[in-house]
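J.: Here you go, work_10.cif (mmCIF, C-alpha atoms):
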data_coords
#
loop_
_atom_site.label_atom_id
_atom_site.label_comp_id
_atom_site.auth_asym_id
_atom_site.auth_seq_id
_atom_site.Cartn_x
_atom_site.Cartn_y
_atom_site.Cartn_z
CA MET A 1 0.00 0.00 0.00
CA ARG A 2 1.23 3.49 -0.86
CA THR A 3 0.60 6.65 1.11
CA SER A 4 -0.14 10.01 -0.52
CA LEU A 5 3.58 10.75 -0.13
CA ASP A 6 4.23 7.85 -2.53
CA ILE A 7 6.07 5.69 0.05
CA ASP A 8 4.93 2.09 0.24
CA SER A 9 4.59 0.51 3.68
CA VAL A 10 7.73 -1.67 3.33
CA ALA A 11 9.95 1.23 2.25
CA ARG A 12 8.54 3.31 5.09
CA SER A 13 9.37 0.58 7.63
CA VAL A 14 12.89 0.17 6.19
CA TYR A 15 13.48 3.93 6.38
CA ILE A 16 12.34 4.16 10.01
CA ALA A 17 14.48 1.16 10.92
CA MET A 18 17.56 2.69 9.24
CA VAL A 19 17.05 5.99 11.05
CA ASP A 20 16.99 4.07 14.35
CA ARG A 21 19.85 1.72 13.31
CA PRO A 22 22.06 3.65 10.85
CA ARG A 23 24.89 1.04 11.05
CA ALA A 24 22.71 -2.06 10.61
CA GLN A 25 23.33 -4.59 7.85
CA VAL A 26 20.62 -5.63 5.40
CA SER A 27 20.30 -8.97 7.19
CA GLU A 28 19.82 -7.19 10.53
CA LEU A 29 17.18 -4.90 9.07
CA ALA A 30 15.41 -7.91 7.55
CA GLU A 31 15.42 -9.75 10.86
CA HIS A 32 14.15 -6.69 12.73
CA LEU A 33 11.34 -6.11 10.25
CA GLU A 34 10.58 -9.82 9.82
CA GLU A 35 11.03 -9.46 6.06
CA THR A 36 13.29 -11.16 3.55
CA GLU A 37 16.61 -9.55 2.60
CA GLU A 38 15.33 -9.18 -0.98
CA THR A 39 12.31 -7.25 0.28
CA VAL A 40 14.57 -4.94 2.29
CA ARG A 41 16.84 -4.37 -0.74
CA ASN A 42 13.79 -3.53 -2.85
CA GLY A 43 12.74 -1.09 -0.15
CA LEU A 44 16.21 0.50 -0.21
CA GLU A 45 15.99 0.91 -3.97
CA ARG A 46 12.64 2.63 -3.57
CA LEU A 47 14.04 4.92 -0.86
CA SER A 48 17.02 5.71 -3.07
CA ALA A 49 14.68 6.76 -5.89
CA LEU A 50 12.91 9.05 -3.42
CA LEU A 51 16.31 10.38 -2.21
CA LEU A 52 15.55 9.30 1.35
CA VAL A 53 18.72 7.19 1.46
CA VAL A 54 22.05 7.85 -0.22
CA PRO A 55 25.16 5.68 -0.73
CA GLY A 56 27.19 5.51 2.45
CA ASP A 57 29.84 3.58 4.33
CA SER A 58 27.39 1.75 6.63
CA ALA A 59 27.10 -2.04 6.66
CA SER A 60 24.09 -1.88 4.32
CA GLY A 61 25.91 0.39 1.89
CA TRP A 62 23.28 3.12 2.38
CA ARG A 63 22.90 6.07 4.72
CA PRO A 64 19.47 7.49 5.68
CA VAL A 65 18.92 11.16 4.94
CA ASP A 66 17.82 13.27 7.90
CA PRO A 67 13.98 12.91 8.03
CA GLU A 68 13.29 16.65 8.06
CA VAL A 69 15.55 17.24 5.05
CA GLY A 70 14.34 14.20 3.14
CA LEU A 71 10.63 14.89 3.65
CA ALA A 72 11.07 18.56 2.76
CA ALA A 73 12.75 17.52 -0.49
CA MET A 74 9.88 15.12 -1.24
CA LEU A 75 7.36 17.91 -0.68
CA ALA A 76 9.36 20.13 -3.02
CA ARG A 77 9.29 17.50 -5.78
CA GLN A 78 5.58 16.94 -5.35
CA GLN A 79 5.00 20.68 -5.54
CA ASP A 80 6.90 20.80 -8.82
CA GLU A 81 4.81 17.92 -10.22
CA LEU A 82 1.57 19.53 -9.07
CA ALA A 83 2.60 22.86 -10.60
CA ARG A 84 3.16 21.15 -13.95
CA HIS A 85 -0.19 19.39 -13.64
CA ARG A 86 -1.97 22.67 -12.92
CA LEU A 87 -0.42 24.20 -16.02
CA GLN A 88 -1.91 21.33 -18.01
CA VAL A 89 -5.30 21.89 -16.34
CA GLU A 90 -5.18 25.59 -17.19
CA GLY A 91 -4.31 24.70 -20.76
CA SER A 92 -7.34 22.39 -20.88
CA ARG A 93 -9.55 25.14 -19.49
CA LEU A 94 -8.42 27.53 -22.21
CA GLU A 95 -9.11 24.85 -24.81
CA VAL A 96 -12.64 24.40 -23.44
CA THR A 97 -13.16 28.16 -23.62
CA ARG A 98 -11.99 28.17 -27.24
CA LEU A 99 -14.27 25.30 -28.15
CA LEU A 100 -17.23 27.01 -26.51
CA SER A 101 -16.69 30.04 -28.72
CA GLU A 102 -16.83 27.99 -31.91
CA ARG A 103 -19.99 27.26 -33.82
CA GLY A 104 -21.11 24.05 -35.43
CA ARG A 105 -20.04 21.69 -32.63
CA ALA A 106 -21.15 18.09 -32.76
CA SER A 107 -24.29 17.68 -30.66
CA ILE A 108 -24.52 15.24 -27.76
CA PRO A 109 -27.98 14.26 -26.46
CA ASP A 110 -28.85 16.16 -23.23
CA VAL A 111 -25.58 18.14 -23.34
CA GLU A 112 -25.51 21.76 -24.50
CA TRP A 113 -22.56 24.13 -24.79
CA LEU A 114 -23.53 27.72 -24.01
CA ALA A 115 -21.36 30.53 -25.36
CA GLY A 116 -21.41 33.99 -23.80
CA THR A 117 -22.60 35.46 -20.50
CA ASP A 118 -26.14 36.23 -21.68
CA ALA A 119 -26.77 32.69 -22.95
CA VAL A 120 -25.52 31.21 -19.68
CA TRP A 121 -27.74 33.34 -17.44
CA ARG A 122 -30.78 32.89 -19.67
CA HIS A 123 -30.42 29.13 -19.33
CA ILE A 124 -29.89 29.28 -15.54
CA THR A 125 -32.89 31.58 -15.15
CA SER A 126 -35.04 29.21 -17.20
CA LEU A 127 -34.04 26.27 -14.98
CA ALA A 128 -34.85 28.29 -11.84
CA GLU A 129 -38.35 29.03 -13.20
CA GLU A 130 -38.94 25.31 -13.74
CA CYS A 131 -37.29 24.04 -10.53
CA THR A 132 -39.80 22.60 -8.06
CA ASN A 133 -38.04 20.28 -5.60
CA GLU A 134 -34.57 21.64 -4.81
CA TRP A 135 -32.01 24.12 -6.11
CA LEU A 136 -28.36 23.44 -5.26
CA ALA A 137 -25.53 25.87 -5.97
CA VAL A 138 -21.78 25.86 -5.40
CA GLY A 139 -19.58 28.88 -5.98
CA PRO A 140 -18.41 30.86 -7.74
CA ALA A 141 -15.09 29.10 -7.14
CA GLU A 142 -12.93 32.17 -7.82
CA ARG A 143 -13.00 35.94 -7.66
CA LEU A 144 -15.37 37.46 -10.23
CA ASP A 145 -16.41 40.94 -11.32
CA ALA A 146 -19.29 42.46 -9.35
CA VAL A 147 -21.29 42.66 -12.60
CA VAL A 148 -21.11 38.87 -12.91
CA LEU A 149 -22.32 38.34 -9.35
CA ASP A 150 -25.17 40.83 -9.81
CA ALA A 151 -26.31 38.90 -12.89
CA GLY A 152 -27.21 35.97 -10.65
CA ARG A 153 -29.45 37.93 -8.28
CA PRO A 154 -32.61 37.57 -10.44
CA VAL A 155 -32.25 33.80 -10.03
CA ASP A 156 -32.37 34.24 -6.24
CA GLU A 157 -35.52 36.34 -6.61
CA ILE A 158 -37.18 33.66 -8.74
CA LEU A 159 -36.43 30.97 -6.18
CA ARG A 160 -37.81 33.14 -3.36
CA ARG A 161 -40.96 33.95 -5.32
CA ARG A 162 -41.59 30.31 -6.13
CA GLY A 163 -40.70 29.13 -2.63
CA THR A 164 -38.22 26.63 -4.03
CA PRO A 165 -35.98 25.02 -1.36
CA ALA A 166 -32.44 26.20 -2.04
CA ARG A 167 -29.03 25.39 -0.62
CA ALA A 168 -25.80 27.17 -1.52
CA ILE A 169 -22.12 26.71 -0.69
CA VAL A 170 -20.02 29.85 -1.11
CA LEU A 171 -16.44 30.89 -0.41
CA GLU A 172 -15.66 31.61 3.23
CA SER A 173 -14.17 34.94 2.19
CA VAL A 174 -17.73 36.21 1.71
CA ARG A 175 -17.79 36.69 5.50
CA ASN A 176 -15.41 39.61 4.98
CA ASP A 177 -17.85 41.35 2.59
CA PRO A 178 -20.69 43.00 4.58
CA GLU A 179 -22.87 43.60 1.50
CA ALA A 180 -22.55 40.03 0.24
CA THR A 181 -23.09 38.63 3.74
CA GLU A 182 -26.26 40.67 4.16
CA HIS A 183 -27.57 39.41 0.82
CA LEU A 184 -26.93 35.80 1.88
CA ARG A 185 -28.59 36.35 5.25
CA ARG A 186 -31.70 37.67 3.48
CA THR A 187 -31.60 34.50 1.38
CA GLU A 188 -31.67 32.42 4.56
CA GLU A 189 -34.52 34.50 5.98
CA CYS A 190 -36.51 33.61 2.87
CA GLY A 191 -35.98 29.88 3.40
CA GLY A 192 -32.62 29.28 1.72
CA THR A 193 -29.62 27.74 3.49
CA VAL A 194 -26.03 28.90 3.03
CA ARG A 195 -22.76 27.32 4.10
CA THR A 196 -19.12 28.28 3.48
CA LEU A 197 -15.81 26.59 2.64
CA PRO A 198 -12.31 28.13 2.35
CA SER A 199 -12.12 27.12 -1.34
CA LEU A 200 -14.38 25.40 -3.85
CA PRO A 201 -13.55 22.90 -6.64
CA VAL A 202 -16.18 24.05 -9.14
CA TRP A 203 -18.96 26.54 -9.84
CA MET A 204 -22.23 24.79 -10.55
CA PHE A 205 -26.03 25.03 -10.42
CA LEU A 206 -28.10 21.87 -9.99
CA SER A 207 -31.87 21.96 -10.58
CA ASP A 208 -33.99 19.15 -9.11
CA ARG A 209 -30.87 16.98 -9.42
CA LYS A 210 -31.83 16.55 -13.08
CA HIS A 211 -30.09 19.47 -14.78
CA VAL A 212 -26.64 20.89 -14.06
CA VAL A 213 -24.94 24.01 -15.38
CA VAL A 214 -21.18 24.45 -14.97
CA PRO A 215 -20.04 27.97 -15.95
CA VAL A 216 -16.61 28.46 -17.52
CA ILE A 217 -14.64 31.49 -16.33
CA GLY A 218 -12.16 33.55 -18.32
CA GLY A 219 -10.65 36.82 -17.12
CA ARG A 220 -13.01 37.01 -14.12
CA SER A 221 -16.03 36.80 -16.42
CA VAL A 222 -18.38 34.06 -17.62
CA VAL A 223 -17.44 33.03 -21.16
CA GLY A 224 -19.68 29.99 -21.46
CA ALA A 225 -21.01 26.92 -19.70
CA MET A 226 -21.81 23.25 -20.00
CA ALA A 227 -25.49 22.45 -19.48
CA CYS A 228 -26.20 18.76 -18.97
CA GLY A 229 -29.22 16.59 -18.27
CA VAL A 230 -27.47 13.21 -18.40
CA GLU A 231 -28.52 11.31 -15.29
CA SER A 232 -25.10 9.82 -14.50
CA VAL A 233 -23.50 13.27 -14.72
CA THR A 234 -26.11 15.05 -12.60
CA GLU A 235 -25.88 12.29 -9.99
CA ALA A 236 -22.10 12.79 -9.83
CA PHE A 237 -22.51 16.52 -9.23
CA ALA A 238 -25.21 15.84 -6.62
CA THR A 239 -22.82 13.50 -4.81
CA LEU A 240 -20.09 16.15 -4.93
CA PHE A 241 -22.50 18.70 -3.47
CA SER A 242 -23.44 16.34 -0.62
CA ARG A 243 -19.79 15.82 0.32
CA LEU A 244 -19.01 19.52 0.23
CA TRP A 245 -22.14 20.29 2.26
CA LYS A 246 -21.01 17.98 5.08
CA GLU A 247 -17.65 19.78 5.28
CA ALA A 248 -19.07 23.30 4.97
CA LEU A 249 -19.81 25.61 7.89
CA PRO A 250 -23.25 27.23 8.28
CA LEU A 251 -23.10 30.94 7.54
CA ALA A 252 -24.55 31.81 10.96
CA GLU A 253 -21.82 29.93 12.85
CA ALA A 254 -18.50 31.41 13.90
CA ARG A 255 -15.39 29.97 12.31
CA PRO A 256 -14.04 27.34 14.75
CA ARG A 257 -10.49 26.33 15.54
CA THR A 258 -9.33 22.95 14.24
CA ARG A 259 -6.50 20.45 14.68
CA GLY A 260 -3.53 21.93 16.51
CA ASN A 261 -5.67 25.01 17.36
CA LEU A 262 -5.48 26.14 13.74
CA SER A 263 -8.33 28.10 12.21
CA LEU A 264 -10.04 26.67 9.13
CA GLN A 265 -8.33 29.36 7.08
CA GLU A 266 -4.89 28.52 8.49
CA GLN A 267 -5.40 24.79 7.98
CA HIS A 268 -6.64 25.32 4.44
CA VAL A 269 -3.78 27.56 3.33
CA LEU A 270 -1.32 24.98 4.69
CA ARG A 271 -3.03 22.34 2.55
CA LEU A 272 -2.89 24.54 -0.54
CA TRP A 273 0.83 25.21 -0.02
CA ALA A 274 1.46 21.49 0.51
CA GLN A 275 -0.34 20.83 -2.78
CA GLY A 276 2.05 23.12 -4.63
CA LEU A 277 0.08 26.37 -4.90
CA THR A 278 1.96 29.66 -4.76
CA ASP A 279 0.85 32.45 -2.44
CA ALA A 280 -0.85 34.19 -5.37
CA ALA A 281 -2.67 31.01 -6.45
CA ALA A 282 -3.77 30.29 -2.88
CA ALA A 283 -5.10 33.84 -2.57
CA ARG A 284 -7.13 33.42 -5.76
CA ARG A 285 -8.46 30.03 -4.67
CA MET A 286 -9.58 31.42 -1.29
CA ASP A 287 -10.68 34.77 -2.76
CA VAL A 288 -8.55 36.74 -0.30
CA SER A 289 -5.78 39.26 -0.85
CA LEU A 290 -2.17 38.26 -1.38
CA ARG A 291 -1.39 40.33 1.71
CA THR A 292 -3.72 38.09 3.77
CA VAL A 293 -1.94 34.93 2.59
CA ARG A 294 1.47 36.42 3.36
CA ARG A 295 0.28 37.46 6.80
CA LEU A 296 -0.87 33.88 7.39
CA SER A 297 2.55 32.66 6.22
CA GLU A 298 4.36 34.86 8.74
CA LYS A 299 1.99 33.86 11.53
CA LEU A 300 2.28 30.12 10.85
CA THR A 301 6.05 30.25 10.35
CA ASP A 302 6.42 31.89 13.77
CA ARG A 303 3.99 29.48 15.40
CA PHE A 304 5.78 26.36 14.12
CA GLY A 305 9.29 27.83 14.42
CA ALA A 306 9.97 27.01 10.77
CA GLN A 307 12.90 28.38 8.78
CA SER A 308 11.37 27.75 5.34
CA ARG A 309 8.07 26.95 3.66
CA PHE A 310 9.20 23.33 3.14
CA GLN A 311 10.02 22.97 6.83
CA LEU A 312 6.66 24.52 7.68
CA GLY A 313 4.93 21.80 5.64
CA VAL A 314 6.93 19.05 7.35
CA LEU A 315 6.22 20.42 10.83
CA ALA A 316 2.54 20.88 10.04
CA LEU A 317 2.36 17.22 8.94
CA ALA A 318 4.22 16.06 12.04
CA SER A 319 1.99 18.05 14.40
CA GLY A 320 -1.26 16.97 12.77
CA GLY A 321 -2.06 20.47 11.50
CA ILE A 322 -2.52 18.85 8.09
CA ARG A 323 -2.73 15.19 7.14
CA ALA A 324 -0.70 13.23 4.63
CA GLU A 325 -3.75 12.91 2.38
CA ASP A 326 -4.00 16.73 2.27
CA VAL A 327 -0.78 16.79 0.25
CA ALA A 328 -2.18 14.62 -2.55
#
Can you dump the structure from the file as structure tokens?
T.:
Amino acid sequence: MRTSLDIDSVARSVYIAMVDRPRAQVSELAEHLEETEETVRNGLERLSALLLVVPGDSASGWRPVDPEVGLAAMLARQQDELARHRLQVEGSRLEVTRLLSERGRASIPDVEWLAGTDAVWRHITSLAEECTNEWLAVGPAERLDAVVLDAGRPVDEILRRRGTPARAIVLESVRNDPEATEHLRRTEECGGTVRTLPSLPVWMFLSDRKHVVVPVIGGRSVVGAMACGVESVTEAFATLFSRLWKEALPLAEARPRTRGNLSLQEQHVLRLWAQGLTDAAAARRMDVSLRTVRRLSEKLTDRFGAQSRFQLGVLALASGGIRAEDVA
């Protein structure tokens, strides 16, 4: 079994044993771990690939790298890989935007590509007028122009007028915007329910769990959307909403402290850093200022006594401030 740090259980055991017994032979390590010598050698090869052991003059021929240094280096490599992956994702997003702007696309039953802000909001408004059982919304997932946000207010009015049960998950940063917070509180007074999360994976609208609209953002504006009525797809988005809803905090509740007495915001920014996001990217994801993220960095660095961002990630993992699966 592999952990999210890409270390299988045998290699992990071999590494810990070598740290405790740096002069041990392979046979001694095998005996201690109750494994075969071949298994231990395979574990050493894996650790060597991860740069957690290096050639040395010990009886095994290898020397364990200091855990803090080795784990920090692993985090650095994972951050590089994640950064490359995010570049690919951004490239895919731009390609989707380009395709949405083209005419004459091949049609897929129950899937419609909407191009332009007006077309997107017309479709969302139409779904709101027809929604009878439940309206679910997530997002927006990133900072948008005020004009874009205002365009969605008529949808809220339709849902209130029709008395349609509505639930929404929005960015936690909305708590810092008095006008937006007041608007959401009025929504709750009219029967809607709002919860918050530090960041969101997608912007979506789900009507009666039968129709989903996923807007595409470009330059802080809506450039198009995917509208889908395929049951398997809408069920997947409904499942995603349910999972996010369980994690989200009701708007009326104060933001609690979490593991290691960290706030949700502090815990979340640690996770984003561990996943390879820069300060600027983390600020965009959380819809806060770059200054806020840097202030959090200074505060957390002082709290953990870290000398670098890599060391901060290692210490946060060790203390339980974030979990190994948060890095994946």
J.: What does the distance between CA of Ala166 (chain A) and CA of Met204 (chain A) come to in Å, to one decimal place?
T.: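 Taking CA of Ala166 (chain A) as the start and CA of Met204 (chain A) as the end point, the length is 13.4 Å.
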J.: So, with all atoms listed in the file as the atoms that count, which of A:Leu29, A:Leu47, A:Ala225, A:Ala11 lies closest to Glu112 (chain A)?
T.: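 Of all the options, A:Ala225 lies closest to Glu112 (chain A).
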J.: I need the residue set behind the PyMOL selection byres ((chain A and resi 16) around 12) for this file; please write it as a short mmCIF file (atom, residue, chain, number, x, y, z; two decimals) with C-alpha atoms, keeping the file's coordinate frame.
T.:
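New file expr-v4.cif:
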data_model
loop_
_atom_site.label_atom_id
_atom_site.label_comp_id
_atom_site.auth_asym_id
_atom_site.auth_seq_id
_atom_site.Cartn_x
_atom_site.Cartn_y
_atom_site.Cartn_z
CA ILE A 7 6.07 5.69 0.05
CA SER A 9 4.59 0.51 3.68
CA VAL A 10 7.73 -1.67 3.33
CA ALA A 11 9.95 1.23 2.25
CA ARG A 12 8.54 3.31 5.09
CA SER A 13 9.37 0.58 7.63
CA VAL A 14 12.89 0.17 6.19
CA TYR A 15 13.48 3.93 6.38
CA ALA A 17 14.48 1.16 10.92
CA MET A 18 17.56 2.69 9.24
CA VAL A 19 17.05 5.99 11.05
CA ASP A 20 16.99 4.07 14.35
CA ARG A 21 19.85 1.72 13.31
CA PRO A 22 22.06 3.65 10.85
CA LEU A 29 17.18 -4.90 9.07
CA HIS A 32 14.15 -6.69 12.73
CA LEU A 33 11.34 -6.11 10.25
CA GLY A 43 12.74 -1.09 -0.15
CA LEU A 44 16.21 0.50 -0.21
CA LEU A 47 14.04 4.92 -0.86
CA LEU A 52 15.55 9.30 1.35
CA VAL A 53 18.72 7.19 1.46
CA ARG A 63 22.90 6.07 4.72
CA PRO A 64 19.47 7.49 5.68
CA VAL A 65 18.92 11.16 4.94
CA ASP A 66 17.82 13.27 7.90
CA PRO A 67 13.98 12.91 8.03
#
J.: Select from region 242-284 of chain A every residue with an atom at most 12 Å from any atom of region 176-190 of chain A, then for each give the shortest pair of atoms and their distance in Å to one decimal, using all atoms listed in the file, rows by chain and rising number, as a tab-separated table.
T.:
residue	atom	partner	partner_atom	distance
A:Pro250	CA	A:Glu188	CA	10.6
A:Leu251	CA	A:Arg185	CA	8.0
A:Ala252	CA	A:Arg185	CA	8.3
J.: What does the distance between CA of Glu134 (chain A) and CA of Val222 (chain A) come to in Å, to one decimal place?
T.: 24.1 Å
J.: Might you spell out which residues the PyMOL selection byres ((chain A and resi 228) around 6) would select in the displayed file, as a VMD selection string?
T.: chain A and resid 110 to 111 211 to 212 227 229 to 230
J.: Find the distance between CA of Arg122 (chain A) and CA of Leu206 (chain A) and write it in Å to one decimal.
T.: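 If I compute the distance from CA of Arg122 (chain A) to CA of Leu206 (chain A), I get 14.9 Å.
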J.: Region 181-273 of chain A near region 115-119 of chain A within 12 Å: what's each residue's closest atom pair and its distance in Å to one decimal, counting only C-alpha atoms, ordered by chain then ascending residue number, as a tab-separated table?
T.:
residue	atom	partner	partner_atom	distance
A:Val213	CA	A:Ala119	CA	11.7
A:Pro215	CA	A:Thr117	CA	9.1
A:Val216	CA	A:Ala115	CA	9.4
A:Ile217	CA	A:Thr117	CA	9.8
A:Gly218	CA	A:Gly116	CA	10.8
A:Arg220	CA	A:Thr117	CA	11.6
A:Ser221	CA	A:Thr117	CA	7.8
A:Val222	CA	A:Thr117	CA	5.3
A:Val223	CA	A:Gly116	CA	4.9
A:Gly224	CA	A:Ala115	CA	4.3
A:Ala225	CA	A:Ala115	CA	6.7
A:Met226	CA	A:Ala115	CA	9.1
A:Ala227	CA	A:Ala115	CA	10.8
J.: Since we have the selection now, will you write its residues out, keeping C-alpha atoms, as a PDB file, keeping the file's coordinate frame?
T.:
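What follows is the written file selection-v3.pdb:
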ATOM      1  CA  VAL A 213     -24.940  24.010 -15.380  1.00  0.00           C
ATOM      2  CA  PRO A 215     -20.040  27.970 -15.950  1.00  0.00           C
ATOM      3  CA  VAL A 216     -16.610  28.460 -17.520  1.00  0.00           C
ATOM      4  CA  ILE A 217     -14.640  31.490 -16.330  1.00  0.00           C
ATOM      5  CA  GLY A 218     -12.160  33.550 -18.320  1.00  0.00           C
ATOM      6  CA  ARG A 220     -13.010  37.010 -14.120  1.00  0.00           C
ATOM      7  CA  SER A 221     -16.030  36.800 -16.420  1.00  0.00           C
ATOM      8  CA  VAL A 222     -18.380  34.060 -17.620  1.00  0.00           C
ATOM      9  CA  VAL A 223     -17.440  33.030 -21.160  1.00  0.00           C
ATOM     10  CA  GLY A 224     -19.680  29.990 -21.460  1.00  0.00           C
ATOM     11  CA  ALA A 225     -21.010  26.920 -19.700  1.00  0.00           C
ATOM     12  CA  MET A 226     -21.810  23.250 -20.000  1.00  0.00           C
ATOM     13  CA  ALA A 227     -25.490  22.450 -19.480  1.00  0.00           C
TER      14      ALA A 227
END
J.: When distances are computed from all atoms listed in the file, which of A:Glu142, A:Ser263, A:Ala128, A:Asp150 shows the smallest separation from Ala281 (chain A)?
T.: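 Distance minimum relative to Ala281 (chain A) lands on A:Glu142.
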J.: Find the residues near Trp273 (chain A): any atom within 8 Å, counting only C-alpha atoms, skip ones fewer than 5 places away on the same chain, and give them as a PDB file with C-alpha atoms, in the coordinates of the input.
T.:
ATOM      1  CA  THR A 278       1.960  29.660  -4.760  1.00  0.00           C
ATOM      2  CA  ASP A 279       0.850  32.450  -2.440  1.00  0.00           C
ATOM      3  CA  ALA A 282      -3.770  30.290  -2.880  1.00  0.00           C
ATOM      4  CA  GLY A 313       4.930  21.800   5.640  1.00  0.00           C
TER       5      GLY A 313
END
J.: What would the selection look like, as a list of chain:residue names, if the PyMOL selection byres ((chain A and resi 287) around 8) were run on the coordinates I just shared?
T.: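 Matching residues under the PyMOL selection byres ((chain A and resi 287) around 8) are A:Glu142, A:Arg143, A:Leu171, A:Ser173, A:Ser199, A:Ala283, A:Arg284, A:Arg285, A:Met286, A:Val288, A:Ser289.
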J.: Those residues you just picked out, can you put them in a file as a PDB file, keeping the file's coordinate frame with C-alpha atoms?
T.:
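File written: result_25.pdb
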ATOM      1  CA  GLU A 142     -12.930  32.170  -7.820  1.00  0.00           C
ATOM      2  CA  ARG A 143     -13.000  35.940  -7.660  1.00  0.00           C
ATOM      3  CA  LEU A 171     -16.440  30.890  -0.410  1.00  0.00           C
ATOM      4  CA  SER A 173     -14.170  34.940   2.190  1.00  0.00           C
ATOM      5  CA  SER A 199     -12.120  27.120  -1.340  1.00  0.00           C
ATOM      6  CA  ALA A 283      -5.100  33.840  -2.570  1.00  0.00           C
ATOM      7  CA  ARG A 284      -7.130  33.420  -5.760  1.00  0.00           C
ATOM      8  CA  ARG A 285      -8.460  30.030  -4.670  1.00  0.00           C
ATOM      9  CA  MET A 286      -9.580  31.420  -1.290  1.00  0.00           C
ATOM     10  CA  VAL A 288      -8.550  36.740  -0.300  1.00  0.00           C
ATOM     11  CA  SER A 289      -5.780  39.260  -0.850  1.00  0.00           C
TER      12      SER A 289
END
J.: Which residue is closest to Leu50 (chain A)? Choose from A:Asp302, A:Asp8, A:Glu266, A:Glu38 and count all atoms listed in the file.
T.: A:Asp8
J.: Quick one: of A:Ala30, A:Leu136, A:Leu200, A:Val269, who's nearest to Thr234 (chain A), counting only C-alpha atoms?
T.: A:Leu136
J.: Counting all atoms listed in the file, find the residues whose atoms lie at most 9 Å from (3.0, 31.3, 5.6) (file coordinates) and write them out as JSON, numbers by chain.
T.: {"A": [266, 269, 270, 273, 279, 293, 294, 295, 296, 297, 298, 299, 300, 301, 302, 309, 312]}
J.: How would region 116-127 of chain A read, as a PDB file, in the frame of the given file, once N, CA, C and O atoms are built in?
T.:
ATOM      1  N   GLY A 116     -21.087  32.612 -24.149  1.00  0.00           N
ATOM      2  CA  GLY A 116     -21.410  33.990 -23.800  1.00  0.00           C
ATOM      3  C   GLY A 116     -22.188  34.107 -22.505  1.00  0.00           C
ATOM      4  O   GLY A 116     -22.965  33.227 -22.128  1.00  0.00           O
ATOM      5  N   THR A 117     -21.970  35.221 -21.806  1.00  0.00           N
ATOM      6  CA  THR A 117     -22.600  35.460 -20.500  1.00  0.00           C
ATOM      7  C   THR A 117     -24.122  35.431 -20.588  1.00  0.00           C
ATOM      8  O   THR A 117     -24.795  34.796 -19.773  1.00  0.00           O
ATOM      9  N   ASP A 118     -24.676  36.133 -21.577  1.00  0.00           N
ATOM     10  CA  ASP A 118     -26.140  36.230 -21.680  1.00  0.00           C
ATOM     11  C   ASP A 118     -26.788  34.866 -21.856  1.00  0.00           C
ATOM     12  O   ASP A 118     -27.809  34.556 -21.222  1.00  0.00           O
ATOM     13  N   ALA A 119     -26.208  34.028 -22.709  1.00  0.00           N
ATOM     14  CA  ALA A 119     -26.770  32.690 -22.950  1.00  0.00           C
ATOM     15  C   ALA A 119     -26.738  31.855 -21.676  1.00  0.00           C
ATOM     16  O   ALA A 119     -27.676  31.095 -21.382  1.00  0.00           O
ATOM     17  N   VAL A 120     -25.652  31.983 -20.915  1.00  0.00           N
ATOM     18  CA  VAL A 120     -25.520  31.210 -19.680  1.00  0.00           C
ATOM     19  C   VAL A 120     -26.604  31.594 -18.681  1.00  0.00           C
ATOM     20  O   VAL A 120     -27.316  30.741 -18.132  1.00  0.00           O
ATOM     21  N   TRP A 121     -26.776  32.912 -18.444  1.00  0.00           N
ATOM     22  CA  TRP A 121     -27.740  33.340 -17.440  1.00  0.00           C
ATOM     23  C   TRP A 121     -29.181  33.126 -17.897  1.00  0.00           C
ATOM     24  O   TRP A 121     -30.071  32.871 -17.076  1.00  0.00           O
ATOM     25  N   ARG A 122     -29.436  33.202 -19.189  1.00  0.00           N
ATOM     26  CA  ARG A 122     -30.780  32.890 -19.670  1.00  0.00           C
ATOM     27  C   ARG A 122     -31.135  31.439 -19.361  1.00  0.00           C
ATOM     28  O   ARG A 122     -32.257  31.134 -18.937  1.00  0.00           O
ATOM     29  N   HIS A 123     -30.162  30.551 -19.587  1.00  0.00           N
ATOM     30  CA  HIS A 123     -30.420  29.130 -19.330  1.00  0.00           C
ATOM     31  C   HIS A 123     -30.604  28.875 -17.841  1.00  0.00           C
ATOM     32  O   HIS A 123     -31.524  28.132 -17.445  1.00  0.00           O
ATOM     33  N   ILE A 124     -29.778  29.465 -16.997  1.00  0.00           N
ATOM     34  CA  ILE A 124     -29.890  29.280 -15.540  1.00  0.00           C
ATOM     35  C   ILE A 124     -31.220  29.820 -15.045  1.00  0.00           C
ATOM     36  O   ILE A 124     -31.903  29.195 -14.224  1.00  0.00           O
ATOM     37  N   THR A 125     -31.616  30.986 -15.549  1.00  0.00           N
ATOM     38  CA  THR A 125     -32.890  31.580 -15.150  1.00  0.00           C
ATOM     39  C   THR A 125     -34.058  30.681 -15.548  1.00  0.00           C
ATOM     40  O   THR A 125     -35.017  30.489 -14.781  1.00  0.00           O
ATOM     41  N   SER A 126     -33.986  30.107 -16.738  1.00  0.00           N
ATOM     42  CA  SER A 126     -35.040  29.210 -17.200  1.00  0.00           C
ATOM     43  C   SER A 126     -35.148  27.980 -16.295  1.00  0.00           C
ATOM     44  O   SER A 126     -36.257  27.543 -15.950  1.00  0.00           O
ATOM     45  N   LEU A 127     -34.013  27.429 -15.889  1.00  0.00           N
ATOM     46  CA  LEU A 127     -34.040  26.270 -14.980  1.00  0.00           C
ATOM     47  C   LEU A 127     -34.633  26.645 -13.631  1.00  0.00           C
ATOM     48  O   LEU A 127     -35.378  25.864 -13.029  1.00  0.00           O
TER      49      LEU A 127
END
